[in-house]
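What follows is the content of input-v9.pdb, which has PDB, C-alpha atoms:
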```
ATOM      1  CA  MET X   1      17.048 -10.492  10.346  1.00  0.00           C
ATOM      2  CA  ASN X   2      18.314  -7.477  12.301  1.00  0.00           C
ATOM      3  CA  ALA X   3      15.956  -4.878  13.765  1.00  0.00           C
ATOM      4  CA  ILE X   4      17.376  -1.418  14.439  1.00  0.00           C
ATOM      5  CA  ILE X   5      15.438   0.972  16.672  1.00  0.00           C
ATOM      6  CA  ILE X   6      16.691   4.572  16.496  1.00  0.00           C
ATOM      7  CA  ALA X   7      16.158   5.764  20.073  1.00  0.00           C
ATOM      8  CA  ALA X   8      18.626   8.617  20.617  1.00  0.00           C
ATOM      9  CA  GLY X   9      16.016  11.363  21.026  1.00  0.00           C
ATOM     10  CA  SER X  10      14.346  12.650  24.202  1.00  0.00           C
ATOM     11  CA  GLY X  11      10.771  13.529  25.085  1.00  0.00           C
ATOM     12  CA  LYS X  12      11.402  17.246  25.550  1.00  0.00           C
ATOM     13  CA  ARG X  13       8.603  18.206  23.162  1.00  0.00           C
ATOM     14  CA  ILE X  14       6.054  16.148  25.081  1.00  0.00           C
ATOM     15  CA  SER X  15       6.461  17.860  28.457  1.00  0.00           C
ATOM     16  CA  ASN X  16       9.039  19.162  30.914  1.00  0.00           C
ATOM     17  CA  ASP X  17       8.359  16.114  33.082  1.00  0.00           C
ATOM     18  CA  VAL X  18       9.940  13.810  30.494  1.00  0.00           C
ATOM     19  CA  LYS X  19      12.436  16.142  28.825  1.00  0.00           C
ATOM     20  CA  GLU X  20      15.315  14.090  30.253  1.00  0.00           C
ATOM     21  CA  THR X  21      13.734  10.764  29.357  1.00  0.00           C
ATOM     22  CA  PRO X  22      14.433   8.994  26.060  1.00  0.00           C
ATOM     23  CA  LYS X  23      11.251   9.302  24.046  1.00  0.00           C
ATOM     24  CA  SER X  24      11.153   5.553  23.485  1.00  0.00           C
ATOM     25  CA  LEU X  25      10.928   4.993  27.263  1.00  0.00           C
ATOM     26  CA  ILE X  26       7.881   7.207  27.741  1.00  0.00           C
ATOM     27  CA  LEU X  27       4.993   5.172  29.105  1.00  0.00           C
ATOM     28  CA  VAL X  28       1.847   4.501  27.115  1.00  0.00           C
ATOM     29  CA  ASN X  29      -0.639   2.833  29.438  1.00  0.00           C
ATOM     30  CA  GLU X  30       2.172   1.961  31.854  1.00  0.00           C
ATOM     31  CA  LYS X  31       4.429   0.393  29.219  1.00  0.00           C
ATOM     32  CA  PRO X  32       7.342   2.089  27.399  1.00  0.00           C
ATOM     33  CA  ILE X  33       6.862   2.731  23.691  1.00  0.00           C
ATOM     34  CA  ILE X  34       9.918   0.647  22.820  1.00  0.00           C
ATOM     35  CA  GLU X  35       8.575  -2.395  24.650  1.00  0.00           C
ATOM     36  CA  TYR X  36       5.533  -2.450  22.361  1.00  0.00           C
ATOM     37  CA  GLN X  37       7.950  -2.623  19.436  1.00  0.00           C
ATOM     38  CA  ILE X  38      10.243  -5.253  20.950  1.00  0.00           C
ATOM     39  CA  GLU X  39       7.356  -7.535  21.886  1.00  0.00           C
ATOM     40  CA  LEU X  40       6.083  -7.522  18.292  1.00  0.00           C
ATOM     41  CA  LEU X  41       9.569  -8.089  16.860  1.00  0.00           C
ATOM     42  CA  LYS X  42      10.076 -11.088  19.120  1.00  0.00           C
ATOM     43  CA  GLN X  43       6.656 -12.448  18.172  1.00  0.00           C
ATOM     44  CA  LYS X  44       7.990 -12.517  14.615  1.00  0.00           C
ATOM     45  CA  LYS X  45      11.142 -14.370  15.764  1.00  0.00           C
ATOM     46  CA  ILE X  46      13.342 -11.317  15.229  1.00  0.00           C
ATOM     47  CA  GLU X  47      15.761 -11.684  18.106  1.00  0.00           C
ATOM     48  CA  ASN X  48      18.744  -9.578  16.963  1.00  0.00           C
ATOM     49  CA  ILE X  49      17.476  -6.176  18.103  1.00  0.00           C
ATOM     50  CA  ILE X  50      19.796  -3.158  18.099  1.00  0.00           C
ATOM     51  CA  VAL X  51      18.809  -0.052  20.059  1.00  0.00           C
ATOM     52  CA  ILE X  52      20.615   3.200  19.245  1.00  0.00           C
ATOM     53  CA  THR X  53      20.766   5.395  22.341  1.00  0.00           C
ATOM     54  CA  GLY X  54      21.818   8.990  22.942  1.00  0.00           C
ATOM     55  CA  LYS X  55      22.348  11.285  25.901  1.00  0.00           C
ATOM     56  CA  TYR X  56      20.325   9.305  28.440  1.00  0.00           C
ATOM     57  CA  SER X  57      21.609   5.850  27.571  1.00  0.00           C
ATOM     58  CA  GLU X  58      21.936   4.902  31.255  1.00  0.00           C
ATOM     59  CA  LYS X  59      18.136   4.893  31.564  1.00  0.00           C
ATOM     60  CA  PHE X  60      17.755   1.891  29.258  1.00  0.00           C
ATOM     61  CA  HIS X  61      17.454  -1.466  31.013  1.00  0.00           C
ATOM     62  CA  LEU X  62      15.949  -3.626  28.304  1.00  0.00           C
ATOM     63  CA  LYS X  63      16.877  -7.296  28.205  1.00  0.00           C
ATOM     64  CA  ASP X  64      18.127  -9.244  25.204  1.00  0.00           C
ATOM     65  CA  VAL X  65      18.954  -6.241  23.026  1.00  0.00           C
ATOM     66  CA  HIS X  66      22.270  -4.897  21.733  1.00  0.00           C
ATOM     67  CA  TYR X  67      22.961  -1.239  22.503  1.00  0.00           C
ATOM     68  CA  VAL X  68      24.870   1.174  20.313  1.00  0.00           C
ATOM     69  CA  ASN X  69      25.415   4.600  21.850  1.00  0.00           C
ATOM     70  CA  ASP X  70      25.505   7.676  19.642  1.00  0.00           C
ATOM     71  CA  PRO X  71      27.716  10.117  21.555  1.00  0.00           C
ATOM     72  CA  ASN X  72      27.310  12.802  18.888  1.00  0.00           C
ATOM     73  CA  PHE X  73      23.525  12.664  18.562  1.00  0.00           C
ATOM     74  CA  GLU X  74      23.229  16.427  19.139  1.00  0.00           C
ATOM     75  CA  LYS X  75      25.545  17.113  16.179  1.00  0.00           C
ATOM     76  CA  HIS X  76      23.423  15.278  13.623  1.00  0.00           C
ATOM     77  CA  ASP X  77      19.872  14.057  13.134  1.00  0.00           C
ATOM     78  CA  ILE X  78      18.209  10.677  12.798  1.00  0.00           C
ATOM     79  CA  LEU X  79      20.169   9.609   9.702  1.00  0.00           C
ATOM     80  CA  GLY X  80      23.464  10.190  11.491  1.00  0.00           C
ATOM     81  CA  SER X  81      22.238   8.205  14.480  1.00  0.00           C
ATOM     82  CA  LEU X  82      21.305   5.267  12.254  1.00  0.00           C
ATOM     83  CA  MET X  83      24.704   5.263  10.597  1.00  0.00           C
ATOM     84  CA  VAL X  84      26.459   4.995  13.966  1.00  0.00           C
ATOM     85  CA  ALA X  85      25.102   1.434  13.872  1.00  0.00           C
ATOM     86  CA  LYS X  86      25.735   0.810  10.180  1.00  0.00           C
ATOM     87  CA  GLN X  87      27.662  -2.385  10.918  1.00  0.00           C
ATOM     88  CA  PHE X  88      24.241  -3.877  11.728  1.00  0.00           C
ATOM     89  CA  LEU X  89      22.707  -2.522   8.540  1.00  0.00           C
ATOM     90  CA  ASN X  90      23.509  -5.688   6.626  1.00  0.00           C
ATOM     91  CA  GLY X  91      21.491  -8.621   5.431  1.00  0.00           C
ATOM     92  CA  ASN X  92      17.731  -8.318   5.864  1.00  0.00           C
ATOM     93  CA  VAL X  93      17.019  -5.423   8.216  1.00  0.00           C
ATOM     94  CA  ILE X  94      13.984  -3.604   9.552  1.00  0.00           C
ATOM     95  CA  VAL X  95      14.557  -0.063  10.855  1.00  0.00           C
ATOM     96  CA  LEU X  96      12.113   1.644  13.208  1.00  0.00           C
ATOM     97  CA  TYR X  97      11.647   5.127  14.562  1.00  0.00           C
ATOM     98  CA  SER X  98      11.384   4.759  18.332  1.00  0.00           C
ATOM     99  CA  ASP X  99       8.328   6.990  18.828  1.00  0.00           C
ATOM    100  CA  ILE X 100       5.737   4.876  17.028  1.00  0.00           C
ATOM    101  CA  ILE X 101       3.362   2.172  18.227  1.00  0.00           C
ATOM    102  CA  PHE X 102       1.687  -0.102  15.705  1.00  0.00           C
ATOM    103  CA  GLU X 103      -0.337  -3.272  15.412  1.00  0.00           C
ATOM    104  CA  GLU X 104       1.184  -6.678  14.678  1.00  0.00           C
ATOM    105  CA  LYS X 105      -0.392  -6.772  11.235  1.00  0.00           C
ATOM    106  CA  ILE X 106       1.463  -3.618  10.200  1.00  0.00           C
ATOM    107  CA  LEU X 107       4.764  -5.258  11.086  1.00  0.00           C
ATOM    108  CA  GLN X 108       3.733  -8.357   9.145  1.00  0.00           C
ATOM    109  CA  GLN X 109       2.851  -6.257   6.096  1.00  0.00           C
ATOM    110  CA  MET X 110       6.350  -4.785   6.203  1.00  0.00           C
ATOM    111  CA  LEU X 111       8.018  -8.180   6.614  1.00  0.00           C
ATOM    112  CA  ASP X 112       6.051  -9.549   3.654  1.00  0.00           C
ATOM    113  CA  SER X 113       7.499  -6.911   1.324  1.00  0.00           C
ATOM    114  CA  LYS X 114       9.747  -8.294  -1.438  1.00  0.00           C
ATOM    115  CA  GLY X 115      11.377  -4.974  -2.330  1.00  0.00           C
ATOM    116  CA  ASN X 116      15.022  -4.148  -1.745  1.00  0.00           C
ATOM    117  CA  ILE X 117      14.085  -0.930   0.049  1.00  0.00           C
ATOM    118  CA  SER X 118      10.498  -0.708   1.289  1.00  0.00           C
ATOM    119  CA  ILE X 119       8.839   1.979   3.388  1.00  0.00           C
ATOM    120  CA  GLY X 120       5.594   1.843   5.336  1.00  0.00           C
ATOM    121  CA  VAL X 121       3.008   4.303   3.985  1.00  0.00           C
ATOM    122  CA  ASP X 122      -0.433   5.211   5.349  1.00  0.00           C
ATOM    123  CA  MET X 123      -2.669   6.513   2.553  1.00  0.00           C
ATOM    124  CA  ASN X 124      -5.450   7.367   5.039  1.00  0.00           C
ATOM    125  CA  TRP X 125      -3.130   9.518   7.092  1.00  0.00           C
ATOM    126  CA  GLU X 126      -5.067  12.773   7.105  1.00  0.00           C
ATOM    127  CA  LYS X 127      -7.700  11.510   9.525  1.00  0.00           C
ATOM    128  CA  ASN X 128      -4.949  11.072  12.114  1.00  0.00           C
ATOM    129  CA  TYR X 129      -4.531  14.858  12.177  1.00  0.00           C
ATOM    130  CA  ASP X 130      -8.105  15.687  13.143  1.00  0.00           C
ATOM    131  CA  GLY X 131      -7.787  17.761  16.305  1.00  0.00           C
ATOM    132  CA  ARG X 132      -4.016  17.275  16.403  1.00  0.00           C
ATOM    133  CA  THR X 133      -3.242  20.937  16.991  1.00  0.00           C
ATOM    134  CA  GLU X 134       0.152  20.408  18.666  1.00  0.00           C
ATOM    135  CA  HIS X 135       1.479  18.455  15.671  1.00  0.00           C
ATOM    136  CA  PRO X 136      -0.177  19.879  12.547  1.00  0.00           C
ATOM    137  CA  LYS X 137      -0.506  18.152   9.197  1.00  0.00           C
ATOM    138  CA  SER X 138       2.279  20.315   7.794  1.00  0.00           C
ATOM    139  CA  GLU X 139       4.768  18.321   9.909  1.00  0.00           C
ATOM    140  CA  ALA X 140       3.840  14.965   8.381  1.00  0.00           C
ATOM    141  CA  GLU X 141       6.584  13.168   6.456  1.00  0.00           C
ATOM    142  CA  ASN X 142       4.663  12.796   3.212  1.00  0.00           C
ATOM    143  CA  VAL X 143       5.206  10.284   0.426  1.00  0.00           C
ATOM    144  CA  LEU X 144       4.186  10.892  -3.193  1.00  0.00           C
ATOM    145  CA  ILE X 145       3.273   7.698  -5.046  1.00  0.00           C
ATOM    146  CA  GLU X 146       3.354   7.208  -8.822  1.00  0.00           C
ATOM    147  CA  ASN X 147       1.150   4.600 -10.501  1.00  0.00           C
ATOM    148  CA  GLU X 148       0.418   3.106  -7.057  1.00  0.00           C
ATOM    149  CA  VAL X 149       3.721   1.208  -7.084  1.00  0.00           C
ATOM    150  CA  LYS X 150       6.593   3.689  -6.934  1.00  0.00           C
ATOM    151  CA  VAL X 151       7.745   6.301  -4.428  1.00  0.00           C
ATOM    152  CA  VAL X 152       8.856   9.440  -6.266  1.00  0.00           C
ATOM    153  CA  GLN X 153       9.132  11.945  -3.435  1.00  0.00           C
ATOM    154  CA  ILE X 154       9.379  11.949   0.358  1.00  0.00           C
ATOM    155  CA  LYS X 155       9.465  15.079   2.508  1.00  0.00           C
ATOM    156  CA  LYS X 156       7.260  17.222   4.723  1.00  0.00           C
ATOM    157  CA  SER X 157       4.233  18.982   3.270  1.00  0.00           C
ATOM    158  CA  ILE X 158       4.016  17.582  -0.248  1.00  0.00           C
ATOM    159  CA  SER X 159       1.222  19.069  -2.314  1.00  0.00           C
ATOM    160  CA  SER X 160       0.072  17.399  -5.522  1.00  0.00           C
ATOM    161  CA  SER X 161      -3.046  17.489  -7.648  1.00  0.00           C
ATOM    162  CA  ASN X 162      -3.051  13.713  -8.149  1.00  0.00           C
ATOM    163  CA  LYS X 163      -3.843  13.052  -4.472  1.00  0.00           C
ATOM    164  CA  ASN X 164      -1.553  10.011  -4.314  1.00  0.00           C
ATOM    165  CA  ILE X 165       0.023  11.248  -1.107  1.00  0.00           C
ATOM    166  CA  GLY X 166       0.549   9.189   2.022  1.00  0.00           C
ATOM    167  CA  GLU X 167       2.468   9.484   5.266  1.00  0.00           C
ATOM    168  CA  PHE X 168       5.701   7.667   6.074  1.00  0.00           C
ATOM    169  CA  LEU X 169       5.287   5.683   9.284  1.00  0.00           C
ATOM    170  CA  GLY X 170       8.953   5.546  10.220  1.00  0.00           C
ATOM    171  CA  ILE X 171       9.430   1.882   9.278  1.00  0.00           C
ATOM    172  CA  ILE X 172      11.849   0.724   6.575  1.00  0.00           C
ATOM    173  CA  LYS X 173      12.650  -2.804   5.456  1.00  0.00           C
ATOM    174  CA  PHE X 174      15.869  -3.595   3.603  1.00  0.00           C
ATOM    175  CA  SER X 175      16.821  -6.727   1.733  1.00  0.00           C
ATOM    176  CA  LYS X 176      20.460  -7.797   1.820  1.00  0.00           C
ATOM    177  CA  TYR X 177      21.081  -5.930  -1.432  1.00  0.00           C
ATOM    178  CA  GLY X 178      19.082  -2.917  -0.272  1.00  0.00           C
ATOM    179  CA  SER X 179      20.989  -2.492   2.988  1.00  0.00           C
ATOM    180  CA  GLU X 180      24.355  -2.823   1.205  1.00  0.00           C
ATOM    181  CA  LEU X 181      23.280  -0.244  -1.357  1.00  0.00           C
ATOM    182  CA  PHE X 182      22.000   2.175   1.289  1.00  0.00           C
ATOM    183  CA  VAL X 183      25.242   2.091   3.285  1.00  0.00           C
ATOM    184  CA  LYS X 184      27.384   2.377   0.146  1.00  0.00           C
ATOM    185  CA  LYS X 185      25.466   5.413  -1.104  1.00  0.00           C
ATOM    186  CA  TYR X 186      25.610   7.092   2.299  1.00  0.00           C
ATOM    187  CA  ASP X 187      29.371   6.576   2.597  1.00  0.00           C
ATOM    188  CA  GLU X 188      29.929   7.999  -0.887  1.00  0.00           C
ATOM    189  CA  ILE X 189      27.831  11.087  -0.194  1.00  0.00           C
ATOM    190  CA  PHE X 190      29.224  11.703   3.292  1.00  0.00           C
ATOM    191  CA  LYS X 191      32.770  11.841   1.915  1.00  0.00           C
ATOM    192  CA  LYS X 192      32.115  14.311  -0.879  1.00  0.00           C
ATOM    193  CA  HIS X 193      28.893  16.230  -0.305  1.00  0.00           C
ATOM    194  CA  THR X 194      28.952  19.848   0.821  1.00  0.00           C
ATOM    195  CA  GLY X 195      26.138  22.290   1.444  1.00  0.00           C
ATOM    196  CA  LYS X 196      22.419  21.651   1.598  1.00  0.00           C
ATOM    197  CA  PHE X 197      21.244  18.058   1.338  1.00  0.00           C
ATOM    198  CA  HIS X 198      17.632  17.849   0.184  1.00  0.00           C
ATOM    199  CA  GLU X 199      15.511  19.334   3.004  1.00  0.00           C
ATOM    200  CA  SER X 200      18.394  19.607   5.484  1.00  0.00           C
ATOM    201  CA  SER X 201      21.224  22.103   5.868  1.00  0.00           C
ATOM    202  CA  SER X 202      23.889  19.412   5.360  1.00  0.00           C
ATOM    203  CA  ILE X 203      24.426  15.662   5.120  1.00  0.00           C
ATOM    204  CA  SER X 204      25.466  15.743   8.787  1.00  0.00           C
ATOM    205  CA  LYS X 205      22.092  17.216   9.796  1.00  0.00           C
ATOM    206  CA  ALA X 206      20.056  15.081   7.408  1.00  0.00           C
ATOM    207  CA  TYR X 207      16.876  13.190   8.155  1.00  0.00           C
ATOM    208  CA  LEU X 208      16.371   9.603   7.108  1.00  0.00           C
ATOM    209  CA  THR X 209      13.832  10.873   4.581  1.00  0.00           C
ATOM    210  CA  ASP X 210      16.555  12.970   2.929  1.00  0.00           C
ATOM    211  CA  MET X 211      18.594   9.838   2.301  1.00  0.00           C
ATOM    212  CA  ILE X 212      15.565   7.998   0.966  1.00  0.00           C
ATOM    213  CA  GLN X 213      15.007  10.874  -1.479  1.00  0.00           C
ATOM    214  CA  GLU X 214      18.653  10.649  -2.529  1.00  0.00           C
ATOM    215  CA  ILE X 215      18.168   6.950  -3.242  1.00  0.00           C
ATOM    216  CA  ILE X 216      15.082   7.761  -5.351  1.00  0.00           C
ATOM    217  CA  ASP X 217      16.928  10.495  -7.239  1.00  0.00           C
ATOM    218  CA  ASN X 218      19.601   7.942  -8.124  1.00  0.00           C
ATOM    219  CA  GLU X 219      16.843   5.932  -9.855  1.00  0.00           C
ATOM    220  CA  ILE X 220      16.881   3.196  -7.238  1.00  0.00           C
ATOM    221  CA  GLU X 221      13.388   1.895  -6.603  1.00  0.00           C
ATOM    222  CA  VAL X 222      11.820   2.491  -3.211  1.00  0.00           C
ATOM    223  CA  GLU X 223       8.694   0.399  -2.790  1.00  0.00           C
ATOM    224  CA  PRO X 224       5.700   1.644  -0.805  1.00  0.00           C
ATOM    225  CA  VAL X 225       4.048  -0.805   1.577  1.00  0.00           C
ATOM    226  CA  PHE X 226       0.468   0.378   1.981  1.00  0.00           C
ATOM    227  CA  ILE X 227      -0.294  -0.454   5.574  1.00  0.00           C
ATOM    228  CA  SER X 228      -3.664  -0.977   7.206  1.00  0.00           C
ATOM    229  CA  GLY X 229      -4.276  -1.057  10.925  1.00  0.00           C
ATOM    230  CA  LYS X 230      -3.751   1.085  13.991  1.00  0.00           C
ATOM    231  CA  TRP X 231      -0.594   3.059  14.603  1.00  0.00           C
ATOM    232  CA  SER X 232       0.405   6.184  16.499  1.00  0.00           C
ATOM    233  CA  GLU X 233       3.316   8.570  16.407  1.00  0.00           C
ATOM    234  CA  ILE X 234       4.026  10.080  19.821  1.00  0.00           C
ATOM    235  CA  ASP X 235       5.607  13.507  19.597  1.00  0.00           C
ATOM    236  CA  THR X 236       3.477  15.681  21.898  1.00  0.00           C
ATOM    237  CA  MET X 237       1.339  15.317  25.013  1.00  0.00           C
ATOM    238  CA  GLN X 238      -1.703  15.335  22.746  1.00  0.00           C
ATOM    239  CA  ASP X 239      -0.208  12.432  20.778  1.00  0.00           C
ATOM    240  CA  LEU X 240       0.474  10.548  23.997  1.00  0.00           C
ATOM    241  CA  LYS X 241      -3.139  10.814  25.092  1.00  0.00           C
ATOM    242  CA  ASN X 242      -4.350   9.703  21.663  1.00  0.00           C
ATOM    243  CA  ALA X 243      -2.016   6.681  21.739  1.00  0.00           C
ATOM    244  CA  GLU X 244      -3.323   5.672  25.157  1.00  0.00           C
ATOM    245  CA  GLU X 245      -6.846   5.709  23.766  1.00  0.00           C
ATOM    246  CA  LYS X 246      -5.832   3.562  20.777  1.00  0.00           C
ATOM    247  CA  PHE X 247      -3.635   1.085  22.607  1.00  0.00           C
TER     248      PHE X 247
END
```
Now that the file is in, can you turn its structure into structure tokens?
Amino acid sequence: MNAIIIAAGSGKRISNDVKETPKSLILVNEKPIIEYQIELLKQKKIENIIVITGKYSEKFHLKDVHYVNDPNFEKHDILGSLMVAKQFLNGNVIVLYSDIIFEEKILQQMLDSKGNISIGVDMNWEKNYDGRTEHPKSEAENVLIENEVKVVQIKKSISSSNKNIGEFLGIIKFSKYGSELFVKKYDEIFKKHTGKFHESSSISKAYLTDMIQEIIDNEIEVEPVFISGKWSEIDTMQDLKNAEEKF
């Protein structure tokens, strides 16, 4: 299995002190975020780890990983960064945002998924926004679930009367078929699509969630993995302090 960590972004939103530091290298209790992820991946015998870097690639000194640099990271968003490494998006693959820390059991829940395209979803997400004034609930990447088994929508700030709304963690697992399908669909769209693409101004500026929504709209099943356990997204100084308390 391949693991792809999308780590092209910087920590400029956290503070000026780390604005020129890749976000994944920001320390949480004296250890970089990405090292928490790599340690868990290696515990699960996932050794083929690909790290996608951006502007500050020279600051990475991790051992036993394969680097792919995204020289155009400022011209696109997280989806574009992932597709710079699409040659590794084959076979069974787990894709991670680089600004999240999570428990081992969350990773195991993702690995246990049998779906072709599976996304980690926290249905108890709202409690994580108590007191989180620097990153309000409106910025959460929400997931709308139908009949407890099917993802029907993914974007920021979903409102629905049925209350089956969770938050996307930033973890995706692909089967061999799922990764092939994802790359094929992306290549098709990138060649022909013009104008707005779901919640983004263009396919070039698209988020990963935009592509997941495109997959859903093409009637391809995206399976929710309802996680339980501790996890933290680190996007602000407030988030960093909360993560240090949790981990």
From the set X:Phe88, X:Met1, X:Asn242, X:Asp210, which residue has the shortest atom-to-atom contact distance to Lys196 in chain X, counting all atoms listed in the file? X:Asp210
Need to verify the contact set: range 8-25 of chain X, 6 Å, only C-alpha atoms, exclusion of same-chain residues closer than 5 positions in sequence. Can you return it as a list of chain:residue names?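 Result of the neighbour search: X:Pro32, X:Ile33, X:Ile34, X:Ile52, X:Thr53, X:Gly54, X:Ser98, X:Asp99, X:Thr236, X:Met237.
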Please compute the CA of Ile94 in chain X-CA of Leu111 in chain X distance, one decimal, in Å. 8.1 Å
Please report the interatomic distance between CA of Glu126 in chain X and CA of Leu96 in chain X in Å with one decimal.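 Atom-to-atom, CA of Glu126 in chain X to CA of Leu96 in chain X, that is 21.4 Å.
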I'd like to know which of X:Glu104, X:Glu180, X:Tyr67, X:Ala140 is closest to Gln37 in chain X, using all atoms listed in the file.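 Looking at the shortest contact to Gln37 in chain X, the residue is X:Glu104.
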Translate the PyMOL selection byres ((chain X and resi 151-156) around 8) into a concrete residue list for this structure, as a list of chain:residue names. X:Ser138, X:Glu139, X:Ala140, X:Glu141, X:Asn142, X:Val143, X:Leu144, X:Ile145, X:Glu146, X:Val149, X:Lys150, X:Ser157, X:Ile158, X:Glu199, X:Thr209, X:Asp210, X:Ile212, X:Gln213, X:Ile216, X:Glu221, X:Val222, X:Glu223, X:Pro224
Let's have the selection written as a tab-separated table (two decimals), in the frame of the given file, with C-alpha atoms.
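Wrote selection.tsv, looks like this:
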```
chain	number	residue	atom	x	y	z
X	138	SER	CA	2.28	20.32	7.79
X	139	GLU	CA	4.77	18.32	9.91
X	140	ALA	CA	3.84	14.96	8.38
X	141	GLU	CA	6.58	13.17	6.46
X	142	ASN	CA	4.66	12.80	3.21
X	143	VAL	CA	5.21	10.28	0.43
X	144	LEU	CA	4.19	10.89	-3.19
X	145	ILE	CA	3.27	7.70	-5.05
X	146	GLU	CA	3.35	7.21	-8.82
X	149	VAL	CA	3.72	1.21	-7.08
X	150	LYS	CA	6.59	3.69	-6.93
X	157	SER	CA	4.23	18.98	3.27
X	158	ILE	CA	4.02	17.58	-0.25
X	199	GLU	CA	15.51	19.33	3.00
X	209	THR	CA	13.83	10.87	4.58
X	210	ASP	CA	16.56	12.97	2.93
X	212	ILE	CA	15.56	8.00	0.97
X	213	GLN	CA	15.01	10.87	-1.48
X	216	ILE	CA	15.08	7.76	-5.35
X	221	GLU	CA	13.39	1.90	-6.60
X	222	VAL	CA	11.82	2.49	-3.21
X	223	GLU	CA	8.69	0.40	-2.79
X	224	PRO	CA	5.70	1.64	-0.80
```
Residue members of the PyMOL selection byres ((chain X and resi 169) around 9) in the file shown, as a PyMOL selection string: chain X and resi 96-97+100+119-122+141+167-168+170-172+231-233
Of X:Ala7, X:Val95, X:Ile46, X:Met123, the one sitting nearest Val68 in chain X when using all atoms listed in the file is X:Ala7
List the neighbours of range 182-195 of chain X out to 9 Å using all atoms listed in the file; skip same-chain residues closer than 4 positions along the sequence, and give me the result as a list in words.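 Everything that qualifies: Met83, Lys86, Leu89, Asn90, Ile117, Phe174, Tyr177, Gly178, Ser201, Ser202, Ile203, Ser204, Met211, Ile212, Glu214 and Ile215 of chain X.
Interatomic distance, CA of Ile234 in chain X against CA of Gln108 in chain X: 21.3 Å.
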Explicit residues for the PyMOL selection byres ((chain X and resi 44) around 12) (as a ChimeraX atom specification): /X:1-3,37-43,45-49,94,104-112
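Among the candidates X:Ser179, X:Gln87, X:Asn29, X:Asn147, the one nearest to Leu240 in chain X when counting all atoms listed in the file is X:Asn29.
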Smallest atom-to-atom distance to Val51 in chain X: which of X:Ile4, X:Leu208, X:Ile165, X:Ile227, using all atoms listed in the file?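 Distance minimum relative to Val51 in chain X lands on X:Ile4.
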Would you please work out which residue, of X:Ala243, X:Ile5, X:Leu181, X:Leu79, is nearest to Leu27 in chain X when using only C-alpha atoms? X:Ala243
